[in-house]
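K.L.:
Sending over a structure as structure tokens; questions will come in a sec.
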Amino acid sequence: MRTRLPGIALALLSLPVAANAAEVNVYSLRQPELVQPLFDAFTAETGIEVNVAFVEKGMVERLQSEGDRSPADLVLTVDIARLSQIVDAGVTQPVLSDVLTANIPAEFRDPANQWFGLTSRARIIYASRDRVEDGEVTTYEDLTNPKWQGRICTRPGTHDYNLGLMAAMIVHKGSAAAKEWATGLRSNLARKPEGNDRAQVKSIWAGECDISLGNTYYMGEMLADPEQTEWANAVRIIYPTFEGGGTHVNVSGMAMTKAAPNHDDALKLMEFLSSDAAQAIYAETNHEFPVKPGVARSALVASWGEFTPDNLNLMDVAAKRPEALKLMEEVNFDG
Ligand code: FE
């Protein structure tokens with residue numbers, strides 16, 4: 001809220017740059033279309049403006065080089081490994097908030113309060129409606145069965161999403177078994193890994209493969225895009241599990257920078273993003289799973305049925321990322 005001031009002072013303050021206007025600066029790896037509705041809702045409720053810089057690459061390096069002079073208050077990103085990297089680089093600060101601890105379950109936030117999950121998503125199997133029967137593939141381990149030879153498509157094994165899955169496999173089964181799994185999966189690929197998760201579904205639609213790995217929310221994105229609706233309609237979602245475990249899930253989340261020039265307003269934004277209103281926007285606009293208990297999944301997501309999320313600690317998964325990368329390179333997964 002702007003303080004009421006006498007006429008002259010107000011005229012001076014009305015210059016183009018209102019230095020004292022309440023604002024929060026965000027570095028985001030998340031797509032503009034996704035975050036803008038959230039920030040608009042926040043501004044409507046609080047009057048605090050949100051400035052966003054979309055930072056595709058080099059988030060950590062940028063924050064490190066800016067140091068104490070960084071204009072950024074918050075970072076928004078995906079993947080537990082990336083959140084951990086930002087925290088490990090020492091460019092964030094802990095945030096103590098009763099609102100955040102009440103809204104976000106413990107498994108979706110850092111025990112040291114450096115990062116907070118906002119949504120979760122599952123890494124699942126997209127299966128051809130025509131060429132894959134119900135029950136033919138139920139575990140991640142099934143993907144190494146020779147029956148799938150030449151029938152699987154995936155994006156590169158060195159992408160964060162697949163490294164997260166591989167890291168979870170290492171935590172579940174150990175390095176040797178995980179390496180064997182990656183080798184078996186590679187030998188079943190229809191082609192060299194390339195493209196994003198949706199490109200694999202397109203390949204199923206085109207008849208080039210029968211199953212692919214992908215994140216859940218891409219089904220919603222494909223259905224919303226007239227050019228991709230046909231691809232989406234060629235597949236159904238299968239929630240695979242690890243043998244003896246659940247379905248691999250990862251998070252998107254946020255952290256406050258160490259510099260945070262607008263600390264108090266940034267905290268308000270963090271709390272807002274964990275609220276019922278914001279969590280519902282995440283659910284409806286991006287078809288992710290809200291982390292706040294009691295906030296409903298979108299009708300589309302609910303139509304895919306229930307699943308059992310894997311119960312591994314996300315920090316343990318993040319810790320295995322370097323090894324996951326090393327093993328993927330050793331088996332020449334993308335070669
Ligand atoms: Fe994604």
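In the structure tokens, chains take letters A, B, ... by order of appearance, with residues numbered from 1 within each chain and ligands from 1 in the order shown.
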Could the residues that lie within 10 Å of ligand 1, counting only C-alpha atoms and all ligand atoms, be listed as a CSV table (one decimal) with all heavy atoms, in the first residue's frame?

P.N.:
```csv
chain,number,residue,atom,x,y,z
A,30,ARG,N,10.4,-21.6,-14.9
A,30,ARG,CA,9.1,-22.1,-15.3
A,30,ARG,C,8.6,-21.2,-16.4
A,30,ARG,O,8.9,-20.0,-16.5
A,30,ARG,CB,8.2,-22.1,-14.1
A,30,ARG,CG,8.7,-22.9,-12.9
A,30,ARG,CD,7.8,-23.9,-12.4
A,30,ARG,NE,7.4,-24.9,-13.3
A,30,ARG,CZ,6.4,-25.8,-13.2
A,30,ARG,NH1,5.7,-25.7,-12.1
A,30,ARG,NH2,6.2,-26.7,-14.1
A,31,GLN,N,7.7,-21.7,-17.3
A,31,GLN,CA,7.2,-21.0,-18.4
A,31,GLN,C,6.4,-19.8,-18.1
A,31,GLN,O,5.6,-19.9,-17.1
A,31,GLN,CB,6.3,-22.0,-19.3
A,31,GLN,CG,7.0,-23.3,-19.7
A,31,GLN,CD,8.1,-23.0,-20.7
A,31,GLN,OE1,8.0,-22.1,-21.6
A,31,GLN,NE2,9.2,-23.7,-20.6
A,78,VAL,N,12.2,-26.3,-11.6
A,78,VAL,CA,11.7,-27.6,-11.5
A,78,VAL,C,12.9,-28.6,-11.1
A,78,VAL,O,14.0,-28.3,-11.4
A,78,VAL,CB,11.1,-28.1,-12.8
A,78,VAL,CG1,9.9,-27.3,-13.2
A,78,VAL,CG2,12.1,-28.1,-13.9
A,79,ASP,N,12.5,-29.7,-10.5
A,79,ASP,CA,13.5,-30.8,-10.2
A,79,ASP,C,14.2,-30.6,-8.9
A,79,ASP,O,14.8,-29.6,-8.7
A,79,ASP,CB,14.5,-30.9,-11.4
A,79,ASP,CG,15.1,-32.3,-11.3
A,79,ASP,OD1,16.1,-32.5,-10.6
A,79,ASP,OD2,14.6,-33.2,-12.0
A,121,ARG,N,4.9,-34.0,-9.7
A,121,ARG,CA,4.5,-34.6,-11.0
A,121,ARG,C,5.1,-36.0,-11.0
A,121,ARG,O,6.1,-36.2,-10.4
A,121,ARG,CB,5.1,-33.8,-12.2
A,121,ARG,CG,6.6,-33.6,-12.2
A,121,ARG,CD,7.2,-32.5,-11.3
A,121,ARG,NE,6.8,-31.2,-11.8
A,121,ARG,CZ,7.4,-30.6,-12.9
A,121,ARG,NH1,8.4,-31.2,-13.5
A,121,ARG,NH2,7.0,-29.4,-13.4
A,160,ASP,N,17.4,-33.9,-17.0
A,160,ASP,CA,17.1,-33.9,-15.6
A,160,ASP,C,16.0,-34.9,-15.2
A,160,ASP,O,16.0,-35.6,-14.2
A,160,ASP,CB,16.6,-32.5,-15.1
A,160,ASP,CG,17.7,-31.6,-14.9
A,160,ASP,OD1,18.8,-32.0,-14.5
A,160,ASP,OD2,17.5,-30.4,-15.1
A,161,TYR,N,14.9,-35.0,-16.0
A,161,TYR,CA,13.8,-35.8,-15.7
A,161,TYR,C,14.2,-37.3,-15.6
A,161,TYR,O,13.8,-38.1,-14.8
A,161,TYR,CB,12.6,-35.7,-16.7
A,161,TYR,CG,12.0,-34.3,-16.7
A,161,TYR,CD1,11.3,-33.9,-17.8
A,161,TYR,CD2,12.2,-33.4,-15.6
A,161,TYR,CE1,10.7,-32.6,-17.8
A,161,TYR,CE2,11.6,-32.1,-15.7
A,161,TYR,CZ,10.9,-31.7,-16.8
A,161,TYR,OH,10.3,-30.5,-16.8
A,196,ASN,N,11.8,-33.8,-26.8
A,196,ASN,CA,11.2,-33.7,-25.4
A,196,ASN,C,10.2,-34.8,-25.2
A,196,ASN,O,10.0,-35.7,-26.0
A,196,ASN,CB,10.6,-32.3,-25.2
A,196,ASN,CG,9.5,-32.0,-26.2
A,196,ASN,OD1,8.9,-32.9,-26.8
A,196,ASN,ND2,9.3,-30.7,-26.5
A,197,ASP,N,9.5,-34.7,-24.0
A,197,ASP,CA,8.6,-35.8,-23.7
A,197,ASP,C,7.5,-35.9,-24.7
A,197,ASP,O,7.0,-37.0,-25.0
A,197,ASP,CB,8.0,-35.6,-22.3
A,197,ASP,CG,9.0,-36.0,-21.2
A,197,ASP,OD1,10.1,-36.6,-21.5
A,197,ASP,OD2,8.7,-35.7,-20.0
A,198,ARG,N,7.0,-34.8,-25.2
A,198,ARG,CA,5.9,-34.8,-26.1
A,198,ARG,C,6.3,-35.4,-27.5
A,198,ARG,O,5.5,-36.0,-28.1
A,198,ARG,CB,5.3,-33.4,-26.3
A,198,ARG,CG,4.3,-33.0,-25.2
A,198,ARG,CD,3.9,-31.6,-25.3
A,198,ARG,NE,4.9,-30.7,-24.9
A,198,ARG,CZ,4.8,-29.4,-24.8
A,198,ARG,NH1,3.6,-28.8,-25.1
A,198,ARG,NH2,5.7,-28.6,-24.3
A,214,GLY,N,7.5,-40.2,-19.8
A,214,GLY,CA,7.1,-38.8,-19.9
A,214,GLY,C,6.5,-38.3,-18.5
A,214,GLY,O,6.2,-39.2,-17.7
A,215,ASN,N,6.5,-37.0,-18.4
A,215,ASN,CA,5.9,-36.5,-17.1
A,215,ASN,C,4.4,-36.3,-17.4
A,215,ASN,O,3.9,-36.1,-18.5
A,215,ASN,CB,6.5,-35.1,-16.8
A,215,ASN,CG,7.8,-35.3,-16.1
A,215,ASN,OD1,8.3,-36.4,-15.9
A,215,ASN,ND2,8.5,-34.1,-15.8
A,216,THR,N,3.6,-36.5,-16.3
A,216,THR,CA,2.2,-36.5,-16.4
A,216,THR,C,1.5,-35.3,-17.1
A,216,THR,O,0.6,-35.4,-17.9
A,216,THR,CB,1.5,-36.6,-15.0
A,216,THR,OG1,2.3,-35.9,-14.0
A,216,THR,CG2,1.5,-38.1,-14.6
A,217,TYR,N,2.0,-34.1,-16.7
A,217,TYR,CA,1.3,-32.9,-17.1
A,217,TYR,C,1.4,-32.6,-18.6
A,217,TYR,O,0.6,-31.8,-19.1
A,217,TYR,CB,1.9,-31.6,-16.3
A,217,TYR,CG,3.3,-31.5,-16.4
A,217,TYR,CD1,3.9,-30.8,-17.5
A,217,TYR,CD2,4.2,-32.1,-15.5
A,217,TYR,CE1,5.3,-30.7,-17.6
A,217,TYR,CE2,5.5,-32.0,-15.6
A,217,TYR,CZ,6.1,-31.3,-16.7
A,217,TYR,OH,7.5,-31.2,-16.8
A,218,TYR,N,2.3,-33.3,-19.3
A,218,TYR,CA,2.4,-33.1,-20.7
A,218,TYR,C,1.1,-33.6,-21.4
A,218,TYR,O,0.8,-33.2,-22.5
A,218,TYR,CB,3.6,-33.8,-21.3
A,218,TYR,CG,4.9,-33.0,-21.0
A,218,TYR,CD1,5.9,-33.5,-20.2
A,218,TYR,CD2,5.0,-31.7,-21.4
A,218,TYR,CE1,7.0,-32.8,-19.9
A,218,TYR,CE2,6.2,-30.9,-21.1
A,218,TYR,CZ,7.2,-31.5,-20.3
A,218,TYR,OH,8.3,-30.8,-20.0
A,252,SER,N,8.3,-29.3,-8.5
A,252,SER,CA,8.8,-27.9,-8.9
A,252,SER,C,8.7,-27.2,-7.5
A,252,SER,O,8.0,-27.5,-6.6
A,252,SER,CB,7.8,-27.3,-9.9
A,252,SER,OG,6.7,-26.8,-9.2
A,286,ASN,N,-1.7,-26.2,-15.2
A,286,ASN,CA,-0.6,-27.0,-15.7
A,286,ASN,C,-0.8,-28.5,-15.4
A,286,ASN,O,0.1,-29.3,-15.7
A,286,ASN,CB,0.8,-26.5,-15.1
A,286,ASN,CG,1.9,-26.9,-16.0
A,286,ASN,OD1,1.8,-26.8,-17.2
A,286,ASN,ND2,3.0,-27.4,-15.4
```

K.L.:
Any idea what's packed within 6 Å of region 181-189 of chain A, counting only C-alpha atoms, ignoring anything in its chain fewer than 4 positions away? Could you give it as an MDAnalysis selection string?

P.N.:
chainID A and resid 143:144 148:150 152:153 333

K.L.:
Would you mind writing down, as an MDAnalysis selection string, each residue of region 65-143 of chain A that DSSP on the backbone assigns to strand (DSSP E or B)?

P.N.:
chainID A and resid 74:78 92:93 109 116:128 139

K.L.:
Within 9 Å of region 278-283 of chain A, which residues of region 30-84 of chain A show up? Give each one with its shortest atom-to-atom distance in Å (one decimal) and the two atoms involved, counting only C-alpha atoms, rows by chain then rising residue number, as a Markdown table.

P.N.:
```
| residue | atom | partner | partner_atom | distance |
| --- | --- | --- | --- | --- |
| A:Leu34 | CA | A:Tyr282 | CA | 7.8 |
| A:Val35 | CA | A:Tyr282 | CA | 8.5 |
| A:Pro37 | CA | A:Ile281 | CA | 7.5 |
| A:Leu38 | CA | A:Ala278 | CA | 6.1 |
| A:Ala41 | CA | A:Ala278 | CA | 7.9 |
| A:Phe42 | CA | A:Ala278 | CA | 8.4 |
```

K.L.:
Go ahead and dump the residues you just picked, N, CA, C and O atoms, as a short mmCIF file (atom, residue, chain, number, x, y, z; two decimals), in the first residue's frame.

P.N.:
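Written output follows (out-v1.cif):
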```
data_model
loop_
_atom_site.label_atom_id
_atom_site.label_comp_id
_atom_site.auth_asym_id
_atom_site.auth_seq_id
_atom_site.Cartn_x
_atom_site.Cartn_y
_atom_site.Cartn_z
N LEU A 34 2.67 -20.25 -17.55
CA LEU A 34 2.29 -20.94 -16.33
C LEU A 34 2.29 -20.00 -15.12
O LEU A 34 1.36 -20.01 -14.32
N VAL A 35 3.35 -19.19 -15.00
CA VAL A 35 3.48 -18.41 -13.77
C VAL A 35 2.71 -17.10 -13.79
O VAL A 35 2.34 -16.59 -12.74
N PRO A 37 -0.45 -16.23 -14.54
CA PRO A 37 -1.74 -16.21 -13.83
C PRO A 37 -1.57 -16.22 -12.30
O PRO A 37 -2.36 -15.59 -11.58
N LEU A 38 -0.52 -16.87 -11.82
CA LEU A 38 -0.26 -16.91 -10.38
C LEU A 38 0.13 -15.53 -9.87
O LEU A 38 -0.36 -15.05 -8.84
N ALA A 41 -2.77 -13.02 -9.89
CA ALA A 41 -3.67 -13.24 -8.74
C ALA A 41 -3.05 -12.66 -7.47
O ALA A 41 -3.74 -12.05 -6.64
N PHE A 42 -1.73 -12.82 -7.33
CA PHE A 42 -1.02 -12.28 -6.15
C PHE A 42 -1.10 -10.75 -6.14
O PHE A 42 -1.38 -10.13 -5.11
#
```

K.L.:
Closest to Asn233 (chain A) among A:Ala127, A:Glu284, A:Glu271, A:Thr138, using only C-alpha atoms?

P.N.:
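Closest residue, counting only C-alpha atoms: A:Ala127.
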
K.L.:
Under the rule of at most 12 Å, produce a per-residue listing of region 223-335 of chain A near region 61-68 of chain A: chain, number, name, the closest pair of atoms, and the distance in Å, as CSV, using only C-alpha atoms.

P.N.:
```
residue,atom,partner,partner_atom,distance
A:Met256,CA,A:Leu63,CA,11.4
A:Thr257,CA,A:Leu63,CA,8.1
A:Lys258,CA,A:Asp68,CA,7.3
A:Ala259,CA,A:Asp68,CA,4.9
A:Ala260,CA,A:Asp68,CA,8.4
A:Pro261,CA,A:Asp68,CA,8.9
```

K.L.:
Restricting the calculation to only C-alpha atoms, which member of A:Val24, A:Ile104, A:Ala299, A:Leu312 is positioned closest to Gly47 (chain A)?

P.N.:
A:Val24

K.L.:
Excluding Met270 (chain A) and its own-chain neighbours fewer than 5 positions away, which residues fall within 10 Å of it when counting only C-alpha atoms? Please give them as a PDB file with C-alpha atoms, in the first residue's frame.

P.N.:
```
ATOM      1  CA  LEU A  74      12.924 -15.647  -5.398  1.00  0.00           C
ATOM      2  CA  VAL A  95      12.774 -19.091   5.350  1.00  0.00           C
ATOM      3  CA  SER A  97       7.171 -19.424   8.031  1.00  0.00           C
ATOM      4  CA  VAL A  99       2.197 -20.697   6.754  1.00  0.00           C
ATOM      5  CA  LEU A 100       4.668 -22.600   4.576  1.00  0.00           C
ATOM      6  CA  PHE A 116       9.933 -25.493  -0.760  1.00  0.00           C
ATOM      7  CA  LEU A 118       4.975 -26.209  -4.876  1.00  0.00           C
ATOM      8  CA  GLY A 253       9.616 -25.477  -6.150  1.00  0.00           C
ATOM      9  CA  MET A 254      10.972 -22.182  -4.904  1.00  0.00           C
ATOM     10  CA  ALA A 255      13.716 -20.683  -2.788  1.00  0.00           C
ATOM     11  CA  MET A 256      14.477 -17.196  -1.469  1.00  0.00           C
ATOM     12  CA  ASP A 264       9.102  -9.283   3.295  1.00  0.00           C
ATOM     13  CA  ASP A 265       7.095  -9.035   0.105  1.00  0.00           C
ATOM     14  CA  SER A 275      -2.189 -21.146  -0.649  1.00  0.00           C
TER      15      SER A 275
END
```

K.L.:
Under the rule that only C-alpha atoms are counted, which of A:Ser298, A:Ser274, A:Ser212, A:Thr308 is the nearest residue to Val137 (chain A)?

P.N.:
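Closest candidate: A:Ser212.
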
K.L.:
Need the shell around Lys320 (chain A): protein/DNA/RNA residues with any atom at most 7 Å away, counting only C-alpha atoms. Skip same-chain ones fewer than 4 positions apart. Format as a PyMOL selection string?

P.N.:
chain A and resi 167+316+324

K.L.:
Just how far from CA of Arg123 (chain A) is CA of Trp231 (chain A), in Å to one decimal?

P.N.:
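We find that CA of Trp231 (chain A) and CA of Arg123 (chain A) lie 18.0 Å from each other.
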
K.L.:
Smallest atom-to-atom distance to Ser70 (chain A): which of A:Asn262, A:Ala106, A:Lys326, A:Ala302, using only C-alpha atoms?

P.N.:
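Of A:Asn262, A:Ala106, A:Lys326, A:Ala302, the one nearest Ser70 (chain A) is A:Asn262, counting only C-alpha atoms.
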
K.L.:
To one decimal place, how far is CA of Arg129 (chain A) from CA of Thr241 (chain A) in Å?

P.N.:
19.8 Å

K.L.:
Go ahead and compute the interatomic distance for CA of Thr46 (chain A) and CA of Asp276 (chain A), in Å to one decimal.

P.N.:
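Between CA of Thr46 (chain A) and CA of Asp276 (chain A) the gap is 15.7 Å.
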
K.L.:
Using only C-alpha atoms, which of the listed residues (A:Ala177, A:Ile204, A:Ala190, A:Val26) sits closest to Arg236 (chain A)?

P.N.:
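Counting only C-alpha atoms, the residue closest to Arg236 (chain A) is A:Ile204.
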
K.L.:
Between A:Ile238, A:Asn51, A:Thr43, A:Met315, single out the one closest to Asp73 (chain A), counting only C-alpha atoms.

P.N.:
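The answer is A:Asn51, which sits nearest to Asp73 (chain A).
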
K.L.:
Show which residues sit within 7 Å of Trp205 (chain A), as a PDB file with N, CA and C atoms, in the first residue's frame. Count only C-alpha atoms, and ignore same-chain residues fewer than 3 positions away.

P.N.:
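Saved file part_14.pdb follows:
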```
ATOM      1  N   VAL A 201       5.654 -39.005 -27.589  1.00  0.00           N
ATOM      2  CA  VAL A 201       4.242 -39.376 -27.778  1.00  0.00           C
ATOM      3  C   VAL A 201       3.868 -39.211 -29.249  1.00  0.00           C
ATOM      4  N   LYS A 202       4.415 -38.177 -29.865  1.00  0.00           N
ATOM      5  CA  LYS A 202       4.200 -37.995 -31.306  1.00  0.00           C
ATOM      6  C   LYS A 202       4.705 -39.227 -32.068  1.00  0.00           C
ATOM      7  N   TRP A 231      -1.897 -36.680 -30.964  1.00  0.00           N
ATOM      8  CA  TRP A 231      -0.829 -37.455 -30.317  1.00  0.00           C
ATOM      9  C   TRP A 231      -1.341 -37.967 -28.974  1.00  0.00           C
ATOM     10  N   ALA A 234      -3.654 -40.832 -28.932  1.00  0.00           N
ATOM     11  CA  ALA A 234      -3.093 -42.122 -29.354  1.00  0.00           C
ATOM     12  C   ALA A 234      -2.549 -42.929 -28.178  1.00  0.00           C
TER      13      ALA A 234
END
```
